[in-house]
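Engineer: So here's query_8.csv (CSV, N, CA and C atoms).
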chain,number,residue,atom,x,y,z
A,327,MET,N,2.1,-52.1,103.0
A,327,MET,CA,2.7,-52.6,101.8
A,327,MET,C,4.2,-52.2,101.8
A,328,ALA,N,5.1,-53.2,101.4
A,328,ALA,CA,6.5,-52.9,101.4
A,328,ALA,C,6.9,-52.0,100.3
A,329,ASP,N,8.0,-51.3,100.6
A,329,ASP,CA,8.5,-50.3,99.6
A,329,ASP,C,9.1,-51.1,98.4
A,330,VAL,N,8.9,-50.6,97.2
A,330,VAL,CA,9.4,-51.2,96.0
A,330,VAL,C,10.8,-50.7,95.8
A,331,VAL,N,11.7,-51.7,95.6
A,331,VAL,CA,13.1,-51.3,95.4
A,331,VAL,C,13.4,-51.6,93.9
A,332,PRO,N,13.8,-50.6,93.1
A,332,PRO,CA,14.1,-50.8,91.7
A,332,PRO,C,15.3,-51.8,91.6
A,333,LEU,N,15.3,-52.6,90.6
A,333,LEU,CA,16.4,-53.6,90.3
A,333,LEU,C,17.4,-52.9,89.4
A,334,ARG,N,18.6,-53.1,89.8
A,334,ARG,CA,19.7,-52.6,88.9
A,334,ARG,C,19.9,-53.6,87.8
A,335,PRO,N,20.3,-53.1,86.6
A,335,PRO,CA,20.6,-54.1,85.5
A,335,PRO,C,21.8,-55.0,85.9
A,336,ALA,N,21.7,-56.2,85.4
A,336,ALA,CA,22.8,-57.1,85.7
A,336,ALA,C,24.1,-56.7,85.0
A,337,ILE,N,24.0,-56.1,83.8
A,337,ILE,CA,25.1,-55.7,83.1
A,337,ILE,C,25.1,-54.1,83.0
A,338,SER,N,26.2,-53.5,83.5
A,338,SER,CA,26.3,-52.1,83.4
A,338,SER,C,26.6,-51.6,82.0
A,339,VAL,N,26.0,-50.5,81.6
A,339,VAL,CA,26.3,-49.9,80.3
A,339,VAL,C,27.2,-48.7,80.5
A,340,PRO,N,28.3,-48.7,79.8
A,340,PRO,CA,29.2,-47.5,80.0
A,340,PRO,C,28.5,-46.2,79.6
A,341,GLU,N,28.8,-45.2,80.4
A,341,GLU,CA,28.2,-43.9,80.2
A,341,GLU,C,28.9,-43.2,79.0
A,342,LEU,N,28.2,-42.6,78.1
A,342,LEU,CA,28.7,-41.9,77.0
A,342,LEU,C,28.5,-40.4,77.2
A,343,THR,N,29.5,-39.6,77.2
A,343,THR,CA,29.3,-38.2,77.3
A,343,THR,C,30.1,-37.5,76.2
A,344,THR,N,29.7,-36.3,75.9
A,344,THR,CA,30.5,-35.5,74.9
A,344,THR,C,31.2,-34.4,75.7
A,345,ASP,N,32.4,-34.1,75.3
A,345,ASP,CA,33.2,-33.1,75.9
A,345,ASP,C,33.8,-32.3,74.8
A,346,ARG,N,33.3,-31.1,74.5
A,346,ARG,CA,33.9,-30.3,73.4
A,346,ARG,C,33.9,-31.1,72.1
A,347,HIS,N,32.9,-31.8,71.7
A,347,HIS,CA,32.7,-32.5,70.5
A,347,HIS,C,33.6,-33.8,70.4
A,348,ARG,N,34.0,-34.3,71.6
A,348,ARG,CA,34.8,-35.6,71.6
A,348,ARG,C,34.0,-36.5,72.5
A,349,LEU,N,33.8,-37.7,72.0
A,349,LEU,CA,33.0,-38.7,72.7
A,349,LEU,C,34.0,-39.5,73.6
A,350,THR,N,33.6,-39.6,74.9
A,350,THR,CA,34.4,-40.4,75.8
A,350,THR,C,33.6,-41.6,76.3
A,351,VAL,N,34.3,-42.7,76.4
A,351,VAL,CA,33.7,-43.9,76.9
A,351,VAL,C,34.5,-44.3,78.2
A,352,LYS,N,33.8,-44.3,79.3
A,352,LYS,CA,34.5,-44.5,80.6
A,352,LYS,C,35.8,-43.7,80.8
A,353,GLY,N,35.8,-42.5,80.3
A,353,GLY,CA,36.9,-41.6,80.5
A,353,GLY,C,38.0,-41.8,79.5
A,354,VAL,N,37.9,-42.8,78.6
A,354,VAL,CA,39.0,-43.0,77.6
A,354,VAL,C,38.5,-42.5,76.3
A,355,LEU,N,39.4,-41.7,75.7
A,355,LEU,CA,39.0,-41.2,74.4
A,355,LEU,C,39.4,-42.2,73.3
A,356,PRO,N,38.5,-42.3,72.3
A,356,PRO,CA,38.9,-43.2,71.2
A,356,PRO,C,40.2,-42.9,70.5
A,357,ALA,N,40.7,-41.6,70.6
A,357,ALA,CA,42.0,-41.3,70.1
A,357,ALA,C,43.1,-42.0,70.8
A,358,GLN,N,42.9,-42.2,72.1
A,358,GLN,CA,43.9,-43.0,72.9
A,358,GLN,C,43.9,-44.5,72.5
A,359,TRP,N,42.7,-45.0,72.1
A,359,TRP,CA,42.6,-46.3,71.7
A,359,TRP,C,43.4,-46.5,70.3
A,360,LEU,N,43.3,-45.5,69.5
A,360,LEU,CA,44.0,-45.5,68.2
A,360,LEU,C,45.5,-45.5,68.4
A,361,GLU,N,45.9,-44.7,69.4
A,361,GLU,CA,47.3,-44.6,69.7
A,361,GLU,C,47.9,-45.9,70.2
A,362,ARG,N,47.1,-46.6,71.0
A,362,ARG,CA,47.5,-47.9,71.5
A,362,ARG,C,47.5,-48.9,70.4
A,363,MET,N,46.6,-48.9,69.5
A,363,MET,CA,46.6,-49.8,68.4
A,363,MET,C,47.8,-49.6,67.5
A,364,GLU,N,48.2,-48.4,67.3
A,364,GLU,CA,49.4,-48.1,66.5
A,364,GLU,C,50.6,-48.5,67.2
A,365,TYR,N,50.7,-48.2,68.5
A,365,TYR,CA,51.9,-48.6,69.3
A,365,TYR,C,52.1,-50.1,69.3
A,366,ARG,N,51.0,-50.8,69.5
A,366,ARG,CA,51.1,-52.3,69.5
A,366,ARG,C,51.4,-52.9,68.1
A,367,ARG,N,50.9,-52.2,67.1
A,367,ARG,CA,51.3,-52.6,65.7
A,367,ARG,C,52.8,-52.5,65.5
A,368,ILE,N,53.3,-51.4,65.9
A,368,ILE,CA,54.8,-51.1,65.8
A,368,ILE,C,55.5,-52.2,66.6
A,369,LEU,N,55.1,-52.5,67.8
A,369,LEU,CA,55.7,-53.6,68.6
A,369,LEU,C,55.8,-54.9,67.8
A,370,ARG,N,54.6,-55.3,67.2
A,370,ARG,CA,54.5,-56.6,66.5
A,370,ARG,C,55.3,-56.6,65.2
A,371,GLU,N,55.2,-55.5,64.4
A,371,GLU,CA,55.8,-55.6,63.1
A,371,GLU,C,57.2,-55.1,63.0
A,372,GLU,N,57.6,-54.2,63.9
A,372,GLU,CA,59.0,-53.6,63.8
A,372,GLU,C,59.9,-54.0,65.0
A,373,LEU,N,59.4,-54.2,66.2
A,373,LEU,CA,60.3,-54.5,67.3
A,373,LEU,C,60.5,-56.0,67.5
A,374,LEU,N,59.4,-56.8,67.4
A,374,LEU,CA,59.6,-58.2,67.6
A,374,LEU,C,60.6,-58.9,66.6
A,375,PRO,N,60.6,-58.5,65.4
A,375,PRO,CA,61.6,-59.2,64.5
A,375,PRO,C,63.1,-58.8,64.8
A,376,GLN,N,63.3,-57.8,65.6
A,376,GLN,CA,64.7,-57.4,65.9
A,376,GLN,C,65.4,-58.5,66.7
A,377,PRO,N,66.7,-58.5,66.6
A,377,PRO,CA,67.5,-59.5,67.5
A,377,PRO,C,67.4,-59.1,69.0
A,378,ASP,N,67.7,-60.0,69.8
A,378,ASP,CA,67.6,-59.8,71.3
A,378,ASP,C,68.5,-58.7,71.7
A,379,SER,N,69.6,-58.5,71.0
A,379,SER,CA,70.6,-57.4,71.4
A,379,SER,C,69.9,-56.1,71.3
A,380,VAL,N,69.1,-55.9,70.3
A,380,VAL,CA,68.4,-54.6,70.1
A,380,VAL,C,67.4,-54.4,71.2
A,381,LEU,N,66.6,-55.4,71.5
A,381,LEU,CA,65.6,-55.3,72.6
A,381,LEU,C,66.3,-55.0,73.9
A,382,ALA,N,67.5,-55.6,74.1
A,382,ALA,CA,68.2,-55.4,75.4
A,382,ALA,C,68.7,-53.9,75.4
A,383,ASP,N,69.0,-53.3,74.3
A,383,ASP,CA,69.4,-51.9,74.2
A,383,ASP,C,68.3,-51.0,74.7
A,384,VAL,N,67.1,-51.4,74.5
A,384,VAL,CA,66.0,-50.5,74.9
A,384,VAL,C,65.4,-51.0,76.3
A,385,GLY,N,66.1,-52.0,76.9
A,385,GLY,CA,65.7,-52.4,78.2
A,385,GLY,C,64.5,-53.4,78.2
A,386,LEU,N,64.3,-54.1,77.2
A,386,LEU,CA,63.1,-55.0,77.1
A,386,LEU,C,63.6,-56.4,76.8
A,387,THR,N,62.8,-57.4,77.2
A,387,THR,CA,63.0,-58.8,76.7
A,387,THR,C,62.0,-59.1,75.7
A,388,ARG,N,62.2,-60.2,74.9
A,388,ARG,CA,61.3,-60.6,73.9
A,388,ARG,C,59.9,-60.9,74.5
A,389,SER,N,59.9,-61.6,75.6
A,389,SER,CA,58.6,-61.9,76.2
A,389,SER,C,57.8,-60.7,76.6
A,390,GLN,N,58.5,-59.7,77.1
A,390,GLN,CA,57.8,-58.4,77.5
A,390,GLN,C,57.2,-57.7,76.3
A,391,VAL,N,58.0,-57.7,75.2
A,391,VAL,CA,57.4,-57.1,74.0
A,391,VAL,C,56.3,-57.9,73.5
A,392,ARG,N,56.4,-59.2,73.5
A,392,ARG,CA,55.3,-60.1,73.0
A,392,ARG,C,54.1,-59.9,73.8
A,393,GLN,N,54.2,-59.8,75.1
A,393,GLN,CA,53.1,-59.7,76.0
A,393,GLN,C,52.4,-58.4,75.8
A,394,GLU,N,53.1,-57.3,75.7
A,394,GLU,CA,52.5,-56.0,75.5
A,394,GLU,C,51.9,-55.9,74.1
A,395,ALA,N,52.5,-56.5,73.1
A,395,ALA,CA,51.9,-56.5,71.7
A,395,ALA,C,50.6,-57.3,71.6
A,396,GLN,N,50.4,-58.3,72.5
A,396,GLN,CA,49.2,-59.1,72.4
A,396,GLN,C,48.0,-58.5,73.2
A,397,LYS,N,48.2,-57.4,73.9
A,397,LYS,CA,47.1,-56.9,74.7
A,397,LYS,C,46.1,-56.2,73.7
A,398,PRO,N,44.8,-56.3,74.1
A,398,PRO,CA,43.8,-55.6,73.2
A,398,PRO,C,44.0,-54.1,73.4
A,399,PHE,N,43.5,-53.3,72.5
A,399,PHE,CA,43.7,-51.9,72.5
A,399,PHE,C,43.0,-51.2,73.7
A,400,TRP,N,42.0,-51.8,74.2
A,400,TRP,CA,41.3,-51.1,75.3
A,400,TRP,C,41.9,-51.3,76.7
A,401,VAL,N,42.9,-52.1,76.7
A,401,VAL,CA,43.7,-52.4,78.0
A,401,VAL,C,44.9,-51.5,78.0
A,402,ALA,N,45.0,-50.7,79.1
A,402,ALA,CA,46.2,-49.8,79.2
A,402,ALA,C,47.5,-50.5,79.4
Using structure tokens, write down the structure that the file contains.
Structural biologist:
Amino acid sequence: MADVVPLRPAISVPELTTDRHRLTVKGVLPAQWLERMEYRRILREELLPQPDSVLADVGLTRSQVRQEAQKPFWVA
């Protein structure tokens, strides 16, 4: 009789672990997600309305700011 090979699930489930009372998902802390959400909110609400000269002063173009602001919080 042939050996039985267990099937792997088609969709992988992220591993959840606790490290000193902090939950991590794939090595990313939810606190980092909150920081990204706040950073991108600032980009949308405070930096995008600024004139192009202000964006150039910080070394960014309007399209770069818009692209970064539109990323979901789970994307670095």
Engineer: Go through A:Val401, A:Arg392, A:Trp359, A:Leu386 and flag the residue nearest Leu374 of chain A, using all atoms listed in the file for the distances.
Structural biologist: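 Residue with the minimum atom-to-atom distance to Leu374 of chain A: A:Arg392.
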Engineer: Point out the residue among A:Ala382, A:Ala357, A:Arg362, A:Arg367 with the least atom-to-atom distance to Ala402 of chain A, counting only C-alpha atoms.
Structural biologist: A:Arg362
Engineer: What does the distance between atom CA of Lys397 of chain A and atom N of Glu371 of chain A come to in Å, to one decimal place?
Structural biologist: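 Those two atoms sit 13.2 Å apart.
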Engineer: Do you have the atom CA of Met363 of chain A-atom CA of Asp378 of chain A distance handy?
Structural biologist: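 Here the two named atoms are 23.4 Å from each other.
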Engineer: Rounded to one decimal place, report the atom CA of Phe399 of chain A-atom CA of Arg366 of chain A distance in Å.
Structural biologist: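 Between atom CA of Phe399 of chain A and atom CA of Arg366 of chain A the gap works out to 8.0 Å.
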